[in-house]
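Heads up, work.txt below (compact mmCIF, C-alpha atoms and all ligand atoms):
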# COMPACT_ATOMS: atom_id res chain seq x y z
CA MET A 208 9.76 4.95 -12.57
CA LYS A 209 6.11 4.04 -12.37
CA LEU A 210 5.73 1.28 -9.81
CA ILE A 211 3.04 -0.68 -8.04
CA ILE A 212 3.74 -2.28 -4.70
CA LEU A 213 1.76 -5.45 -3.95
CA GLY A 214 1.57 -7.52 -0.81
CA ALA A 215 -0.88 -8.60 1.85
CA PRO A 216 -2.10 -5.95 4.33
CA GLY A 217 0.64 -5.75 6.95
CA SER A 218 3.25 -7.42 4.72
CA GLY A 219 5.47 -4.35 5.14
CA LYS A 220 4.64 -2.87 1.75
CA GLY A 221 4.02 0.60 3.20
CA THR A 222 7.46 0.65 4.83
CA THR A 223 9.09 -0.75 1.69
CA ALA A 224 7.30 1.87 -0.42
CA THR A 225 8.61 4.61 1.90
CA VAL A 226 12.21 3.41 1.44
CA LEU A 227 11.82 3.29 -2.36
CA ARG A 228 10.11 6.70 -2.39
CA GLU A 229 12.96 8.33 -0.47
CA LYS A 230 15.75 6.60 -2.35
CA TYR A 231 14.39 7.22 -5.85
CA ASP A 232 12.43 10.44 -5.18
CA LEU A 233 9.02 9.05 -6.10
CA ALA A 234 5.53 10.23 -5.22
CA HIS A 235 3.97 7.69 -2.82
CA ILE A 236 0.29 7.16 -3.56
CA SER A 237 -1.42 5.03 -0.92
CA THR A 238 -5.16 4.50 -1.45
CA GLY A 239 -5.56 3.44 2.20
CA ASP A 240 -4.00 6.77 3.28
CA LEU A 241 -6.20 8.69 0.82
CA PHE A 242 -9.31 7.02 2.25
CA ARG A 243 -8.16 7.63 5.85
CA TYR A 244 -7.50 11.31 5.03
CA ASN A 245 -11.00 11.66 3.58
CA LEU A 246 -12.44 9.89 6.60
CA LYS A 247 -10.68 12.27 8.99
CA GLU A 248 -11.85 15.29 7.01
CA GLY A 249 -15.41 13.91 6.92
CA THR A 250 -15.72 14.23 3.13
CA PRO A 251 -18.54 12.35 1.30
CA LEU A 252 -15.87 9.98 -0.07
CA GLY A 253 -14.59 9.27 3.44
CA ILE A 254 -18.10 8.69 4.78
CA GLU A 255 -18.85 6.25 1.95
CA ALA A 256 -15.55 4.39 2.43
CA LYS A 257 -15.87 4.04 6.21
CA SER A 258 -18.39 1.18 6.32
CA TYR A 259 -16.28 -0.94 3.96
CA MET A 260 -13.02 -0.16 5.74
CA ASP A 261 -14.48 -1.04 9.15
CA LYS A 262 -15.44 -4.47 7.82
CA GLY A 263 -12.08 -5.10 6.13
CA ALA A 264 -13.88 -5.15 2.77
CA LEU A 265 -12.91 -3.31 -0.41
CA VAL A 266 -14.41 0.09 -1.18
CA PRO A 267 -16.36 -0.18 -4.49
CA ASP A 268 -14.18 -0.03 -7.61
CA ASP A 269 -15.86 2.98 -9.26
CA VAL A 270 -15.23 5.20 -6.20
CA THR A 271 -11.66 3.94 -5.79
CA ILE A 272 -10.71 4.20 -9.46
CA ARG A 273 -12.04 7.78 -9.71
CA MET A 274 -10.00 8.76 -6.65
CA VAL A 275 -6.80 7.26 -8.13
CA GLU A 276 -7.37 8.81 -11.55
CA ASP A 277 -7.73 12.20 -9.86
CA ARG A 278 -4.57 11.65 -7.85
CA LEU A 279 -2.63 10.68 -10.99
CA ASN A 280 -3.44 14.12 -12.43
CA ASN A 281 -1.51 15.78 -9.61
CA PRO A 282 1.71 17.38 -11.00
CA ASP A 283 3.96 15.56 -8.48
CA VAL A 284 3.51 12.26 -10.36
CA THR A 285 5.70 13.45 -13.24
CA LYS A 286 8.82 12.56 -11.20
CA GLY A 287 7.64 8.94 -10.99
CA TYR A 288 5.48 7.24 -8.40
CA ILE A 289 4.75 4.17 -6.38
CA LEU A 290 1.14 3.03 -6.08
CA ASP A 291 0.53 1.38 -2.71
CA GLY A 292 -2.76 -0.46 -2.10
CA PHE A 293 -3.96 -0.07 -5.68
CA PRO A 294 -4.84 -2.03 -7.75
CA ARG A 295 -6.49 -4.48 -5.35
CA ASN A 296 -8.25 -6.67 -7.94
CA ILE A 297 -8.15 -7.48 -11.66
CA ALA A 298 -10.86 -4.90 -12.51
CA GLN A 299 -8.79 -2.14 -10.87
CA ALA A 300 -5.64 -3.39 -12.69
CA GLU A 301 -7.46 -3.17 -16.02
CA ALA A 302 -8.78 0.29 -15.14
CA LEU A 303 -5.22 1.37 -14.32
CA ASP A 304 -4.03 0.10 -17.73
CA ALA A 305 -6.75 2.20 -19.36
CA ILE A 306 -5.85 5.33 -17.32
CA LEU A 307 -2.17 4.96 -18.22
CA SER A 308 -2.74 4.20 -21.88
CA LYS A 309 -4.86 7.39 -22.16
CA LYS A 310 -1.73 9.25 -21.04
CA GLY A 311 0.54 7.21 -23.35
CA GLU A 312 2.28 5.68 -20.32
CA LYS A 313 2.87 2.21 -18.91
CA LEU A 314 3.98 0.61 -15.68
CA ASP A 315 7.69 -0.10 -15.30
CA ALA A 316 7.58 -2.71 -12.53
CA VAL A 317 5.42 -4.34 -9.88
CA VAL A 318 7.13 -4.87 -6.54
CA TYR A 319 5.80 -7.85 -4.60
CA VAL A 320 6.46 -8.02 -0.84
CA VAL A 321 6.11 -11.60 0.41
CA THR A 322 5.28 -12.16 4.11
CA ASP A 323 3.63 -15.15 5.82
CA ASP A 324 0.17 -14.66 7.39
CA ASP A 325 1.19 -15.61 10.97
CA ILE A 326 3.98 -13.03 10.91
CA ILE A 327 1.55 -10.43 9.52
CA MET A 328 -1.02 -11.09 12.27
CA ASP A 329 1.63 -10.52 14.95
CA ARG A 330 3.06 -7.38 13.34
CA VAL A 331 -0.25 -5.73 12.44
CA THR A 332 -1.96 -6.16 15.79
CA THR A 333 1.05 -4.48 17.46
CA ARG A 334 1.36 -1.74 14.80
CA ARG A 335 0.74 1.93 15.62
CA VAL A 336 0.56 4.84 13.17
CA CYS A 337 0.95 8.60 13.44
CA GLU A 338 -2.37 10.36 12.83
CA LYS A 339 -0.54 13.38 11.45
CA CYS A 340 2.27 12.15 9.15
CA GLY A 341 1.31 8.48 8.70
CA ALA A 342 4.65 7.14 10.04
CA SER A 343 4.42 3.54 11.21
CA PHE A 344 5.69 2.22 14.57
CA ASN A 345 5.28 -0.99 16.54
CA VAL A 346 4.85 -1.39 20.28
CA LYS A 347 6.87 -4.65 20.19
CA TYR A 348 9.44 -4.15 17.43
CA MET A 349 9.78 -0.38 16.85
CA PRO A 350 8.32 1.61 19.75
CA THR A 351 8.22 5.40 19.71
CA LYS A 352 10.73 7.11 22.02
CA VAL A 353 7.85 8.63 23.99
CA GLU A 354 4.71 6.51 24.25
CA GLY A 355 1.96 7.73 21.93
CA VAL A 356 4.09 10.51 20.39
CA CYS A 357 5.48 10.34 16.83
CA ASP A 358 9.31 10.41 16.63
CA ASN A 359 9.15 12.24 13.29
CA CYS A 360 6.57 14.99 13.77
CA GLY A 361 5.35 14.89 17.39
CA GLY A 362 1.87 13.83 16.20
CA HIS A 363 -0.43 11.51 18.10
CA VAL A 364 0.40 7.80 17.54
CA VAL A 365 -2.62 5.47 17.57
CA GLN A 366 -3.78 2.01 16.60
CA ARG A 367 -5.75 1.91 13.35
CA SER A 368 -9.33 0.81 14.02
CA ASP A 369 -8.94 -1.98 11.42
CA ASP A 370 -5.75 -3.39 13.00
CA ASN A 371 -7.62 -5.73 15.39
CA PRO A 372 -7.32 -9.55 14.95
CA GLU A 373 -10.84 -10.07 13.51
CA THR A 374 -10.53 -7.33 10.88
CA VAL A 375 -6.95 -8.35 10.02
CA ALA A 376 -8.17 -11.93 9.38
CA LYS A 377 -10.92 -10.55 7.14
CA ARG A 378 -8.47 -8.29 5.30
CA LEU A 379 -6.12 -11.24 4.71
CA ALA A 380 -9.04 -13.25 3.28
CA THR A 381 -10.06 -10.31 1.06
CA TYR A 382 -6.45 -10.09 -0.13
CA ALA A 383 -6.23 -13.82 -0.91
CA GLU A 384 -9.44 -13.76 -2.89
CA ASN A 385 -9.16 -10.47 -4.77
CA THR A 386 -5.58 -9.26 -4.84
CA ARG A 387 -3.41 -12.37 -5.00
CA PRO A 388 -4.50 -13.09 -8.62
CA LEU A 389 -2.65 -9.90 -9.58
CA ILE A 390 0.68 -11.64 -8.93
CA ASP A 391 0.21 -13.90 -11.96
CA PHE A 392 -1.36 -11.06 -13.95
CA TYR A 393 1.86 -9.03 -13.67
CA LYS A 394 4.25 -12.02 -13.66
CA GLU A 395 3.01 -12.86 -17.15
CA ARG A 396 4.07 -9.38 -18.26
CA GLY A 397 7.60 -10.00 -16.99
CA ILE A 398 7.60 -6.92 -14.74
CA LEU A 399 7.20 -8.55 -11.29
CA VAL A 400 10.09 -8.20 -8.80
CA GLU A 401 9.98 -9.89 -5.39
CA GLY A 402 11.31 -9.28 -1.92
CA ASN A 403 10.82 -11.55 1.10
CA ASN A 404 9.98 -9.57 4.24
CA ASN A 405 9.67 -12.48 6.70
CA VAL A 406 13.04 -11.74 8.27
CA ASP A 407 13.93 -8.09 7.86
CA ALA A 408 13.28 -5.06 5.69
CA ASP A 409 16.90 -4.71 4.48
CA THR A 410 16.98 -8.19 2.90
CA CYS A 411 13.62 -7.49 1.29
CA ILE A 412 14.73 -4.16 -0.21
CA LYS A 413 17.98 -5.69 -1.46
CA SER A 414 16.17 -8.37 -3.54
CA ILE A 415 13.72 -5.78 -4.85
CA GLU A 416 16.54 -3.51 -5.97
CA GLU A 417 18.24 -6.45 -7.69
CA GLY A 418 14.97 -7.09 -9.52
CA LEU A 419 14.68 -3.43 -10.53
CA LYS A 420 18.28 -3.56 -11.74
CA GLY A 421 17.44 -6.66 -13.81
CA LEU A 422 14.71 -4.63 -15.51
CA GLY A 423 17.19 -1.82 -16.19
CA LEU A 424 15.33 0.64 -13.95
CA VAL A 425 18.03 1.48 -11.38
P1 LIG A 501 -4.75 -0.26 3.48
O1 LIG A 501 -4.24 0.87 4.30
O2 LIG A 501 -4.12 -0.33 2.11
O3 LIG A 501 -4.70 -1.60 4.20
O4 LIG A 501 -6.31 0.03 3.21
C1 LIG A 501 -7.24 0.15 4.25
C2 LIG A 501 -8.65 -0.07 3.71
O5 LIG A 501 -8.95 0.92 2.71
C3 LIG A 501 -8.87 -1.41 3.02
O6 LIG A 501 -9.17 -2.46 3.93
C4 LIG A 501 -10.06 -1.09 2.11
O7 LIG A 501 -11.28 -1.03 2.84
C5 LIG A 501 -9.74 0.33 1.66
N1 LIG A 501 -8.93 0.33 0.41
C6 LIG A 501 -7.63 0.75 0.25
N2 LIG A 501 -7.24 0.62 -1.03
C7 LIG A 501 -8.30 0.11 -1.70
C8 LIG A 501 -8.52 -0.27 -3.07
N3 LIG A 501 -7.57 -0.17 -4.00
N4 LIG A 501 -9.76 -0.76 -3.40
C9 LIG A 501 -10.74 -0.86 -2.49
N5 LIG A 501 -10.60 -0.55 -1.19
C10 LIG A 501 -9.39 -0.07 -0.78
Please express the file's structure as structure tokens.
Amino acid sequence: MKLIILGAPGSGKGTTATVLREKYDLAHISTGDLFRYNLKEGTPLGIEAKSYMDKGALVPDDVTIRMVEDRLNNPDVTKGYILDGFPRNIAQAEALDAILSKKGEKLDAVVYVVTDDDIIMDRVTTRRVCEKCGASFNVKYMPTKVEGVCDNCGGHVVQRSDDNPETVAKRLATYAENTRPLIDFYKERGILVEGNNNVDADTCIKSIEEGLKGLGLV
């Protein structure tokens, strides 16, 4: 399966992608994680991305597309993958079509995680992530067993610098302007499946799996 997962920042798409990755043995390709890794390592790519990320703006398309194309040449993608955080606008979606058609491949489905903005603001500003393995926690809804320590790997659990209310509001506006148009773009192709994550992750996953079943993918 070659999937995209779409949804506003903080909609729960990362968590949903993790469930799908584990259940269907997919590679999970998160552009946000790739940028954060480069940032931590101090690579030229990370240094370039930082100023955009800090403002809640999108990193320029040429840089982002090159990074994804590189990642899609990694051998682990042959088992199938889920793209999380990419594409983020129509230009990136068209670039992805071109990358895939060069390989004689196409997308199987686009998973859309629907969550209201007020719920997102509450969840994201209380979110914490492991610096080492990327696992996500929440001080209100899913605290770590030991404060600041990852339950999975013992890594240091921190708040992302862009998870503050001002940057979240900016990221939601960036999403509405640039990324939301992708919903219709993929709906017209008949490959969009939806899950509502306002209440809980299980209900959301269930509708998504029904959608994937409807497309004959699971
Ligand atoms: P995320 O973890 O997906 O919320 O991404 C964090 C930040 O990384 C975003 O606010 C952007 O600055 C940058 N980013 C991630 N994916 C992309 C993308 N596809 N295009 C441009 N910028 C991106």
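Residues lying within 6 Å of region 214-228 of chain A, counting all atoms listed in the file and ignoring same-chain neighbours fewer than 2 positions away, are A:Lys230, A:Tyr231, A:Asp232, A:Leu233, A:Tyr319, A:Val320, A:Thr322, A:Ile327, A:Val331.
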Practice prompt. Select, from A:Asn405, A:Thr285, A:Thr381, A:Asn371, the residue with the minimum atom-to-atom distance to ligand LIG 501 (chain A), counting only C-alpha atoms and all ligand atoms.
Written response: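 Under the stated criterion, the closest residue is A:Thr381.
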Worksheet item: What does the distance between atom C2 of ligand LIG 501 (chain A) and CA of Pro388 (chain A) come to in Å, to one decimal place?
Response: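 That distance, rounded to one decimal, is 18.4 Å.
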Wanna dump the chain A-ligand LIG 501 (chain A) contacts at 9 Å for me, each residue with its shortest atom pair and the distance in Å to one decimal, counting only C-alpha atoms and all ligand atoms, ordered by chain and number, as a Markdown table?
| residue | atom | partner | partner_atom | distance |
| --- | --- | --- | --- | --- |
| A:Ala215 | CA | A:LIG501 | O3 | 8.3 |
| A:Pro216 | CA | A:LIG501 | O3 | 5.1 |
| A:Gly217 | CA | A:LIG501 | O3 | 7.3 |
| A:Gly221 | CA | A:LIG501 | O2 | 8.3 |
| A:Ser237 | CA | A:LIG501 | O2 | 6.7 |
| A:Thr238 | CA | A:LIG501 | N2 | 4.4 |
| A:Gly239 | CA | A:LIG501 | O1 | 3.6 |
| A:Asp240 | CA | A:LIG501 | O1 | 6.0 |
| A:Leu241 | CA | A:LIG501 | C6 | 8.1 |
| A:Phe242 | CA | A:LIG501 | O5 | 6.1 |
| A:Arg243 | CA | A:LIG501 | O5 | 7.5 |
| A:Ala256 | CA | A:LIG501 | O7 | 6.9 |
| A:Lys257 | CA | A:LIG501 | O7 | 7.6 |
| A:Ser258 | CA | A:LIG501 | O7 | 8.2 |
| A:Tyr259 | CA | A:LIG501 | O7 | 5.1 |
| A:Met260 | CA | A:LIG501 | O7 | 3.5 |
| A:Asp261 | CA | A:LIG501 | O7 | 7.1 |
| A:Lys262 | CA | A:LIG501 | O7 | 7.3 |
| A:Gly263 | CA | A:LIG501 | O6 | 4.5 |
| A:Ala264 | CA | A:LIG501 | O7 | 4.9 |
| A:Leu265 | CA | A:LIG501 | N5 | 3.7 |
| A:Val266 | CA | A:LIG501 | N5 | 3.9 |
| A:Pro267 | CA | A:LIG501 | C9 | 6.0 |
| A:Asp268 | CA | A:LIG501 | N4 | 6.1 |
| A:Val270 | CA | A:LIG501 | C9 | 8.4 |
| A:Thr271 | CA | A:LIG501 | N4 | 5.6 |
| A:Ile272 | CA | A:LIG501 | N3 | 7.7 |
| A:Val275 | CA | A:LIG501 | N3 | 8.5 |
| A:Asp291 | CA | A:LIG501 | O2 | 6.9 |
| A:Gly292 | CA | A:LIG501 | O2 | 4.4 |
| A:Phe293 | CA | A:LIG501 | N3 | 4.0 |
| A:Pro294 | CA | A:LIG501 | N3 | 5.0 |
| A:Arg295 | CA | A:LIG501 | N3 | 4.6 |
| A:Asn296 | CA | A:LIG501 | N4 | 7.6 |
| A:Gln299 | CA | A:LIG501 | N3 | 7.3 |
| A:Asp369 | CA | A:LIG501 | O6 | 7.5 |
| A:Thr374 | CA | A:LIG501 | O6 | 8.6 |
| A:Val375 | CA | A:LIG501 | O6 | 8.8 |
| A:Lys377 | CA | A:LIG501 | O6 | 8.9 |
| A:Arg378 | CA | A:LIG501 | O6 | 6.0 |
| A:Thr381 | CA | A:LIG501 | O6 | 8.4 |
Worksheet item: Which residues come within 7 Å of His235 (chain A), counting only C-alpha atoms, excluding same-chain residues fewer than 3 positions away, as a list of chain:residue names?
Response: A:Arg228, A:Tyr288, A:Ile289, A:Leu290
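The nearest approach to Leu389 (chain A) among the residues A:Val284, A:Val336, A:Val364, A:Ile212, with all atoms listed in the file taken into account, belongs to A:Ile212.
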How about completing region 250-264 of chain A with N, CA, C and O atoms and giving it to me as a CSV table (one decimal), keeping the file's coordinate frame?
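Written output follows (out-v3.csv):
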chain,number,residue,atom,x,y,z
A,250,THR,N,-15.2,14.0,4.5
A,250,THR,CA,-15.7,14.2,3.1
A,250,THR,C,-16.7,13.1,2.8
A,250,THR,O,-16.7,12.1,3.3
A,251,PRO,N,-17.6,13.4,1.7
A,251,PRO,CA,-18.5,12.4,1.3
A,251,PRO,C,-17.8,11.1,0.9
A,251,PRO,O,-18.3,10.0,1.2
A,252,LEU,N,-16.7,11.2,0.3
A,252,LEU,CA,-15.9,10.0,-0.1
A,252,LEU,C,-15.5,9.2,1.2
A,252,LEU,O,-15.6,8.0,1.2
A,253,GLY,N,-15.0,9.9,2.2
A,253,GLY,CA,-14.6,9.3,3.4
A,253,GLY,C,-15.8,8.6,4.1
A,253,GLY,O,-15.6,7.5,4.6
A,254,ILE,N,-16.9,9.3,4.1
A,254,ILE,CA,-18.1,8.7,4.8
A,254,ILE,C,-18.5,7.4,4.1
A,254,ILE,O,-18.9,6.4,4.7
A,255,GLU,N,-18.5,7.4,2.7
A,255,GLU,CA,-18.8,6.2,2.0
A,255,GLU,C,-17.9,5.1,2.2
A,255,GLU,O,-18.3,3.9,2.4
A,256,ALA,N,-16.6,5.4,2.3
A,256,ALA,CA,-15.6,4.4,2.4
A,256,ALA,C,-15.6,3.7,3.8
A,256,ALA,O,-15.2,2.6,4.0
A,257,LYS,N,-16.0,4.5,4.8
A,257,LYS,CA,-15.9,4.0,6.2
A,257,LYS,C,-16.5,2.7,6.5
A,257,LYS,O,-15.8,1.8,7.1
A,258,SER,N,-17.7,2.4,6.0
A,258,SER,CA,-18.4,1.2,6.3
A,258,SER,C,-17.6,0.0,5.7
A,258,SER,O,-17.6,-1.1,6.4
A,259,TYR,N,-17.0,0.2,4.6
A,259,TYR,CA,-16.3,-0.9,4.0
A,259,TYR,C,-15.0,-1.2,4.7
A,259,TYR,O,-14.6,-2.3,5.0
A,260,MET,N,-14.3,-0.1,5.1
A,260,MET,CA,-13.0,-0.2,5.7
A,260,MET,C,-13.2,-0.8,7.1
A,260,MET,O,-12.4,-1.7,7.5
A,261,ASP,N,-14.2,-0.5,7.8
A,261,ASP,CA,-14.5,-1.0,9.2
A,261,ASP,C,-14.7,-2.5,9.1
A,261,ASP,O,-14.4,-3.3,10.0
A,262,LYS,N,-15.2,-3.0,7.9
A,262,LYS,CA,-15.4,-4.5,7.8
A,262,LYS,C,-14.2,-5.2,7.2
A,262,LYS,O,-14.3,-6.4,7.0
A,263,GLY,N,-13.2,-4.5,6.8
A,263,GLY,CA,-12.1,-5.1,6.1
A,263,GLY,C,-12.4,-5.5,4.7
A,263,GLY,O,-11.7,-6.3,4.1
A,264,ALA,N,-13.5,-4.9,4.2
A,264,ALA,CA,-13.9,-5.2,2.8
A,264,ALA,C,-13.3,-4.1,1.8
A,264,ALA,O,-12.8,-3.0,2.3
